[in-house]
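Raw contents of query-v8.txt, compact mmCIF, N, CA and C atoms:
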# COMPACT_ATOMS: atom_id res chain seq x y z
N MET T 1 27.29 6.40 -4.53
CA MET T 1 27.93 7.37 -3.68
C MET T 1 29.24 6.78 -3.16
N LYS T 2 30.31 7.52 -3.32
CA LYS T 2 31.63 7.04 -2.90
C LYS T 2 31.83 7.34 -1.42
N GLN T 3 32.42 6.35 -0.73
CA GLN T 3 32.76 6.54 0.67
C GLN T 3 34.16 7.13 0.77
N SER T 4 34.34 7.98 1.76
CA SER T 4 35.68 8.49 1.98
C SER T 4 36.51 7.44 2.70
N LYS T 5 37.82 7.60 2.63
CA LYS T 5 38.71 6.63 3.28
C LYS T 5 38.53 6.65 4.80
N LEU T 6 38.26 7.82 5.37
CA LEU T 6 38.08 7.92 6.81
C LEU T 6 36.85 7.12 7.26
N THR T 7 35.76 7.22 6.50
CA THR T 7 34.55 6.46 6.84
C THR T 7 34.82 4.97 6.77
N THR T 8 35.53 4.54 5.78
CA THR T 8 35.85 3.13 5.64
C THR T 8 36.73 2.65 6.79
N VAL T 9 37.74 3.42 7.16
CA VAL T 9 38.65 3.03 8.24
C VAL T 9 37.90 2.98 9.57
N VAL T 10 37.08 3.99 9.85
CA VAL T 10 36.34 4.03 11.10
C VAL T 10 35.37 2.86 11.18
N SER T 11 34.67 2.55 10.08
CA SER T 11 33.73 1.42 10.11
C SER T 11 34.45 0.10 10.29
N ILE T 12 35.63 -0.06 9.68
CA ILE T 12 36.41 -1.30 9.86
C ILE T 12 36.87 -1.43 11.31
N ILE T 13 37.35 -0.34 11.90
CA ILE T 13 37.79 -0.37 13.30
C ILE T 13 36.61 -0.71 14.21
N PHE T 14 35.47 -0.10 13.96
CA PHE T 14 34.28 -0.38 14.78
C PHE T 14 33.89 -1.86 14.68
N VAL T 15 33.88 -2.41 13.48
CA VAL T 15 33.53 -3.82 13.29
C VAL T 15 34.53 -4.72 13.99
N LEU T 16 35.82 -4.39 13.90
CA LEU T 16 36.84 -5.20 14.57
C LEU T 16 36.70 -5.14 16.09
N LEU T 17 36.42 -3.95 16.64
CA LEU T 17 36.22 -3.84 18.09
C LEU T 17 35.01 -4.62 18.56
N VAL T 18 33.91 -4.52 17.82
CA VAL T 18 32.70 -5.27 18.18
C VAL T 18 32.96 -6.77 18.08
N PHE T 19 33.66 -7.19 17.03
CA PHE T 19 33.99 -8.61 16.87
C PHE T 19 34.89 -9.09 18.00
N SER T 20 35.86 -8.25 18.40
CA SER T 20 36.75 -8.65 19.49
C SER T 20 36.01 -8.73 20.82
N ILE T 21 35.02 -7.88 21.01
CA ILE T 21 34.22 -7.95 22.24
C ILE T 21 33.37 -9.21 22.23
N ILE T 22 32.77 -9.52 21.09
CA ILE T 22 31.91 -10.70 21.00
C ILE T 22 32.73 -11.98 21.21
N THR T 23 33.90 -12.06 20.62
CA THR T 23 34.71 -13.27 20.74
C THR T 23 35.42 -13.37 22.09
N GLY T 24 35.40 -12.32 22.88
CA GLY T 24 36.02 -12.37 24.20
C GLY T 24 37.48 -11.98 24.20
N PHE T 25 37.94 -11.24 23.21
CA PHE T 25 39.33 -10.81 23.18
C PHE T 25 39.63 -9.90 24.37
N PHE T 26 38.65 -9.04 24.71
CA PHE T 26 38.78 -8.23 25.91
C PHE T 26 37.96 -8.92 26.99
N PRO T 27 38.61 -9.53 27.98
CA PRO T 27 37.82 -10.20 29.02
C PRO T 27 36.99 -9.19 29.81
N GLU T 28 35.79 -9.64 30.20
CA GLU T 28 34.86 -8.73 30.85
C GLU T 28 35.27 -8.39 32.29
N ASN T 29 36.07 -9.23 32.91
CA ASN T 29 36.42 -8.97 34.31
C ASN T 29 37.74 -8.22 34.46
N SER T 30 38.30 -7.71 33.38
CA SER T 30 39.56 -6.98 33.50
C SER T 30 39.28 -5.56 34.00
N THR T 31 40.19 -5.08 34.83
CA THR T 31 40.06 -3.72 35.37
C THR T 31 41.36 -2.97 35.15
N PHE T 32 41.22 -1.67 35.00
CA PHE T 32 42.37 -0.79 34.86
C PHE T 32 42.39 0.14 36.06
N THR T 33 43.58 0.45 36.54
CA THR T 33 43.70 1.40 37.64
C THR T 33 44.41 2.63 37.13
N ILE T 34 43.68 3.74 37.15
CA ILE T 34 44.24 5.01 36.69
C ILE T 34 44.10 6.00 37.83
N ASN T 35 45.27 6.46 38.34
CA ASN T 35 45.32 7.40 39.48
C ASN T 35 44.53 6.88 40.67
N GLY T 36 44.63 5.58 40.93
CA GLY T 36 43.97 4.99 42.09
C GLY T 36 42.50 4.68 41.87
N THR T 37 41.97 4.97 40.68
CA THR T 37 40.55 4.70 40.40
C THR T 37 40.47 3.46 39.52
N GLU T 38 39.67 2.48 39.96
CA GLU T 38 39.52 1.27 39.17
C GLU T 38 38.44 1.49 38.10
N ILE T 39 38.80 1.15 36.87
CA ILE T 39 37.86 1.26 35.75
C ILE T 39 37.66 -0.14 35.21
N ASN T 40 36.40 -0.58 35.17
CA ASN T 40 36.08 -1.92 34.71
C ASN T 40 35.89 -1.94 33.20
N ASN T 41 36.90 -2.31 32.50
CA ASN T 41 36.90 -2.54 31.06
C ASN T 41 36.05 -1.52 30.30
N PRO T 42 36.57 -0.33 30.10
CA PRO T 42 35.77 0.72 29.45
C PRO T 42 35.43 0.41 28.00
N ILE T 43 36.28 -0.34 27.32
CA ILE T 43 36.01 -0.63 25.90
C ILE T 43 34.78 -1.52 25.76
N VAL T 44 34.71 -2.57 26.59
CA VAL T 44 33.56 -3.47 26.53
C VAL T 44 32.30 -2.73 26.95
N ASN T 45 32.39 -1.92 27.99
CA ASN T 45 31.21 -1.19 28.45
C ASN T 45 30.72 -0.21 27.39
N PHE T 46 31.65 0.50 26.77
CA PHE T 46 31.26 1.51 25.78
C PHE T 46 30.66 0.86 24.54
N PHE T 47 31.40 -0.07 23.93
CA PHE T 47 30.91 -0.67 22.70
C PHE T 47 29.78 -1.67 22.95
N GLY T 48 29.77 -2.27 24.13
CA GLY T 48 28.63 -3.12 24.48
C GLY T 48 27.35 -2.32 24.54
N GLY T 49 27.42 -1.11 25.07
CA GLY T 49 26.25 -0.23 25.11
C GLY T 49 25.82 0.19 23.72
N ILE T 50 26.78 0.48 22.85
CA ILE T 50 26.44 0.89 21.48
C ILE T 50 25.80 -0.27 20.72
N VAL T 51 26.37 -1.46 20.85
CA VAL T 51 25.81 -2.63 20.17
C VAL T 51 24.42 -2.94 20.71
N GLY T 52 24.24 -2.82 22.03
CA GLY T 52 22.92 -3.02 22.61
C GLY T 52 21.92 -2.00 22.10
N LEU T 53 22.34 -0.76 21.94
CA LEU T 53 21.47 0.28 21.41
C LEU T 53 21.09 -0.01 19.97
N ILE T 54 22.03 -0.46 19.17
CA ILE T 54 21.74 -0.79 17.77
C ILE T 54 20.78 -1.97 17.70
N ILE T 55 21.03 -3.00 18.49
CA ILE T 55 20.15 -4.18 18.48
C ILE T 55 18.75 -3.81 18.94
N SER T 56 18.65 -3.01 20.00
CA SER T 56 17.32 -2.63 20.48
C SER T 56 16.59 -1.76 19.47
N THR T 57 17.30 -0.91 18.74
CA THR T 57 16.66 -0.10 17.71
C THR T 57 16.10 -0.98 16.60
N VAL T 58 16.87 -1.95 16.15
CA VAL T 58 16.40 -2.86 15.10
C VAL T 58 15.20 -3.66 15.58
N VAL T 59 15.26 -4.15 16.81
CA VAL T 59 14.14 -4.93 17.36
C VAL T 59 12.89 -4.07 17.47
N LEU T 60 13.03 -2.83 17.91
CA LEU T 60 11.86 -1.95 18.02
C LEU T 60 11.25 -1.65 16.66
N PHE T 61 12.09 -1.47 15.62
CA PHE T 61 11.55 -1.26 14.28
C PHE T 61 10.80 -2.50 13.80
N CYS T 62 11.34 -3.68 14.05
CA CYS T 62 10.66 -4.92 13.64
C CYS T 62 9.33 -5.08 14.37
N VAL T 63 9.31 -4.80 15.65
CA VAL T 63 8.06 -4.90 16.41
C VAL T 63 7.06 -3.87 15.91
N GLY T 64 7.52 -2.68 15.60
CA GLY T 64 6.63 -1.65 15.07
C GLY T 64 6.01 -2.05 13.74
N ILE T 65 6.80 -2.64 12.86
CA ILE T 65 6.27 -3.09 11.57
C ILE T 65 5.28 -4.22 11.78
N LEU T 66 5.59 -5.15 12.69
CA LEU T 66 4.66 -6.25 12.99
C LEU T 66 3.34 -5.71 13.54
N LEU T 67 3.41 -4.75 14.46
CA LEU T 67 2.20 -4.18 15.02
C LEU T 67 1.41 -3.40 13.97
N LEU T 68 2.11 -2.79 13.02
CA LEU T 68 1.42 -2.09 11.94
C LEU T 68 0.54 -3.05 11.16
N PHE T 69 1.08 -4.21 10.82
CA PHE T 69 0.28 -5.19 10.07
C PHE T 69 -0.83 -5.77 10.93
N ILE T 70 -0.56 -6.01 12.21
CA ILE T 70 -1.60 -6.57 13.09
C ILE T 70 -2.74 -5.58 13.25
N PHE T 71 -2.42 -4.31 13.53
CA PHE T 71 -3.48 -3.33 13.76
C PHE T 71 -4.24 -2.99 12.48
N SER T 72 -3.57 -3.01 11.33
CA SER T 72 -4.31 -2.75 10.09
C SER T 72 -5.26 -3.90 9.80
N GLY T 73 -4.86 -5.14 10.09
CA GLY T 73 -5.76 -6.28 9.91
C GLY T 73 -6.94 -6.21 10.86
N LEU T 74 -6.66 -5.86 12.13
CA LEU T 74 -7.75 -5.72 13.10
C LEU T 74 -8.67 -4.58 12.71
N GLY T 75 -8.10 -3.51 12.18
CA GLY T 75 -8.94 -2.39 11.73
C GLY T 75 -9.86 -2.79 10.60
N ALA T 76 -9.37 -3.59 9.66
CA ALA T 76 -10.22 -4.05 8.56
C ALA T 76 -11.33 -4.95 9.08
N ILE T 77 -11.01 -5.81 10.05
CA ILE T 77 -12.04 -6.68 10.62
C ILE T 77 -13.09 -5.86 11.36
N PHE T 78 -12.65 -4.90 12.19
CA PHE T 78 -13.59 -4.07 12.94
C PHE T 78 -14.46 -3.23 11.99
N LEU T 79 -13.85 -2.73 10.92
CA LEU T 79 -14.61 -1.94 9.95
C LEU T 79 -15.68 -2.78 9.27
N SER T 80 -15.32 -4.00 8.86
CA SER T 80 -16.31 -4.85 8.18
C SER T 80 -17.42 -5.26 9.14
N VAL T 81 -17.08 -5.57 10.39
CA VAL T 81 -18.12 -5.92 11.37
C VAL T 81 -19.02 -4.71 11.63
N GLY T 82 -18.43 -3.54 11.76
CA GLY T 82 -19.22 -2.33 11.96
C GLY T 82 -20.16 -2.04 10.81
N LEU T 83 -19.66 -2.19 9.58
CA LEU T 83 -20.51 -1.97 8.41
C LEU T 83 -21.63 -2.99 8.34
N PHE T 84 -21.35 -4.23 8.71
CA PHE T 84 -22.39 -5.26 8.72
C PHE T 84 -23.48 -4.91 9.75
N ILE T 85 -23.05 -4.45 10.91
CA ILE T 85 -24.02 -4.08 11.95
C ILE T 85 -24.86 -2.89 11.49
N ILE T 86 -24.23 -1.91 10.85
CA ILE T 86 -24.96 -0.75 10.35
C ILE T 86 -25.97 -1.18 9.28
N ALA T 87 -25.56 -2.07 8.38
CA ALA T 87 -26.48 -2.54 7.34
C ALA T 87 -27.63 -3.32 7.96
N LEU T 88 -27.34 -4.13 8.97
CA LEU T 88 -28.39 -4.89 9.64
C LEU T 88 -29.37 -3.96 10.36
N MET T 89 -28.84 -2.93 11.03
CA MET T 89 -29.71 -1.97 11.71
C MET T 89 -30.54 -1.17 10.71
N ALA T 90 -29.95 -0.81 9.58
CA ALA T 90 -30.71 -0.09 8.56
C ALA T 90 -31.82 -0.97 7.98
N THR T 91 -31.56 -2.26 7.83
CA THR T 91 -32.58 -3.17 7.32
C THR T 91 -33.73 -3.31 8.33
N ILE T 92 -33.38 -3.37 9.61
CA ILE T 92 -34.42 -3.48 10.64
C ILE T 92 -35.19 -2.17 10.79
N ALA T 93 -34.49 -1.04 10.74
CA ALA T 93 -35.13 0.26 10.96
C ALA T 93 -35.93 0.73 9.76
N LEU T 94 -35.51 0.37 8.57
CA LEU T 94 -36.16 0.85 7.35
C LEU T 94 -36.64 -0.32 6.50
N PRO T 95 -37.65 -1.05 6.91
CA PRO T 95 -38.06 -2.23 6.15
C PRO T 95 -38.70 -1.90 4.81
N PHE T 96 -39.16 -0.66 4.62
CA PHE T 96 -39.77 -0.31 3.34
C PHE T 96 -38.75 -0.21 2.21
N LEU T 97 -37.43 -0.14 2.55
CA LEU T 97 -36.39 -0.12 1.52
C LEU T 97 -35.99 -1.52 1.07
N LEU T 98 -36.48 -2.56 1.75
CA LEU T 98 -36.11 -3.93 1.42
C LEU T 98 -36.44 -4.32 -0.02
N PRO T 99 -37.61 -3.91 -0.58
CA PRO T 99 -37.86 -4.25 -1.99
C PRO T 99 -36.87 -3.61 -2.97
N ILE T 100 -36.21 -2.54 -2.57
CA ILE T 100 -35.21 -1.91 -3.44
C ILE T 100 -33.84 -2.54 -3.21
N ILE T 101 -33.51 -2.82 -1.94
CA ILE T 101 -32.18 -3.31 -1.58
C ILE T 101 -31.98 -4.76 -2.03
N ALA T 102 -32.99 -5.60 -1.90
CA ALA T 102 -32.84 -7.02 -2.22
C ALA T 102 -32.50 -7.24 -3.70
N PRO T 103 -33.20 -6.63 -4.66
CA PRO T 103 -32.80 -6.83 -6.07
C PRO T 103 -31.40 -6.27 -6.37
N LEU T 104 -31.03 -5.15 -5.71
CA LEU T 104 -29.68 -4.61 -5.92
C LEU T 104 -28.62 -5.56 -5.39
N ALA T 105 -28.89 -6.19 -4.25
CA ALA T 105 -27.93 -7.16 -3.70
C ALA T 105 -27.79 -8.36 -4.63
N ILE T 106 -28.89 -8.84 -5.18
CA ILE T 106 -28.83 -9.96 -6.12
C ILE T 106 -28.07 -9.56 -7.37
N LEU T 107 -28.31 -8.35 -7.88
CA LEU T 107 -27.60 -7.86 -9.07
C LEU T 107 -26.10 -7.74 -8.80
N PHE T 108 -25.74 -7.16 -7.65
CA PHE T 108 -24.32 -7.01 -7.31
C PHE T 108 -23.65 -8.37 -7.17
N ALA T 109 -24.30 -9.33 -6.54
CA ALA T 109 -23.74 -10.67 -6.40
C ALA T 109 -23.55 -11.32 -7.77
N PHE T 110 -24.54 -11.18 -8.66
CA PHE T 110 -24.43 -11.75 -10.02
C PHE T 110 -23.26 -11.13 -10.77
N LEU T 111 -23.14 -9.80 -10.71
CA LEU T 111 -22.03 -9.12 -11.40
C LEU T 111 -20.68 -9.51 -10.80
N TYR T 112 -20.61 -9.69 -9.49
CA TYR T 112 -19.37 -10.09 -8.85
C TYR T 112 -18.93 -11.47 -9.34
N PHE T 113 -19.86 -12.43 -9.38
CA PHE T 113 -19.48 -13.78 -9.81
C PHE T 113 -19.18 -13.82 -11.31
N GLN T 114 -19.85 -13.01 -12.12
CA GLN T 114 -19.54 -12.94 -13.55
C GLN T 114 -18.13 -12.37 -13.76
N ARG T 115 -17.83 -11.33 -13.05
CA ARG T 115 -16.51 -10.70 -13.19
C ARG T 115 -15.41 -11.64 -12.69
N LYS T 116 -15.68 -12.38 -11.61
CA LYS T 116 -14.71 -13.32 -11.09
C LYS T 116 -14.46 -14.46 -12.08
N LYS T 117 -15.51 -14.91 -12.78
CA LYS T 117 -15.38 -16.00 -13.74
C LYS T 117 -14.62 -15.55 -14.99
N ASN T 118 -14.81 -14.32 -15.41
CA ASN T 118 -14.19 -13.80 -16.63
C ASN T 118 -12.92 -13.01 -16.34
N LYS T 119 -12.27 -13.28 -15.24
CA LYS T 119 -11.10 -12.50 -14.86
C LYS T 119 -9.93 -12.69 -15.82
N ASN T 120 -9.76 -13.87 -16.39
CA ASN T 120 -8.63 -14.14 -17.28
C ASN T 120 -8.86 -13.58 -18.68
N GLU T 121 -10.10 -13.29 -19.06
CA GLU T 121 -10.38 -12.75 -20.36
C GLU T 121 -10.07 -11.25 -20.36
N PRO T 122 -9.54 -10.73 -21.48
CA PRO T 122 -9.20 -9.30 -21.52
C PRO T 122 -10.46 -8.44 -21.47
N SER T 123 -10.36 -7.37 -20.76
CA SER T 123 -11.46 -6.41 -20.68
C SER T 123 -10.89 -5.02 -20.79
N ILE T 124 -11.74 -4.04 -20.67
CA ILE T 124 -11.29 -2.65 -20.81
C ILE T 124 -10.37 -2.27 -19.65
N THR T 125 -10.67 -2.74 -18.43
CA THR T 125 -9.87 -2.32 -17.27
C THR T 125 -8.51 -2.98 -17.21
N ASN T 126 -8.39 -4.27 -17.64
CA ASN T 126 -7.09 -4.93 -17.54
C ASN T 126 -6.48 -5.23 -18.90
N ALA T 127 -6.82 -4.43 -19.91
CA ALA T 127 -6.23 -4.63 -21.24
C ALA T 127 -4.79 -4.11 -21.25
N ALA T 128 -3.95 -4.76 -22.01
CA ALA T 128 -2.55 -4.36 -22.08
C ALA T 128 -2.41 -3.22 -22.99

Target format structure tokens, applied to this file:
Amino acid sequence: MKQSKLTTVVSIIFVLLVFSIITGFFPENSTFTINGTEINNPIVNFFGGIVGLIISTVVLFCVGILLLFIFSGLGAIFLSVGLFIIALMATIALPFLLPIIAPLAILFAFLYFQRKKNKNEPSITNAA
């Protein structure tokens, strides 16, 4: 997508103004008197507020992404703990199912370790 010349000029001017504020080209304690009213450096106040808004927006997005990963990890932990508790309660409440569940658990564990050992060998699911 091509940028127009006006967009390029405005962005260059904005970058130069922000750079001049950061380097101290416009001193912060300068005041202007217009019709008897003192104005404390309107350029620094205006662009300082814009730069602060941009920085705070970026920081909030970063914090949001960090919290997304933290809460998804906590959700997975809570889900696994909840499922373990449900399985434990089902085992305690329904002991007559234990002769069916125990061989299935052994079979699933055996298949899991077999599949983990043969992961590098080609199979139907990961064939090229």

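With CA of Pro99 (chain T) on one side and CA of Phe78 (chain T) on the other, the separation reads 28.5 Å.
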
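Picture a line from atom C of Thr8 (chain T) to CA of Val59 (chain T); it runs 26.1 Å.
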
*asked:* As an exercise, work out the distance from CA of Leu97 (chain T) to CA of Ile85 (chain T) in Å and give it to one decimal place.
replied: 16.7 Å

*asked:* Using DSSP secondary structure from the backbone, list all strand (DSSP E or B) positions within region 29-119 of chain T, as a ChimeraX atom specification.
replied: /T:31-34,37-40

*Quick one: of T:Ile34, T:Ile65, T:Ala105, T:Val18, who's nearest to Gly49 (chain T), counting only C-alpha atoms?*
T:Val18
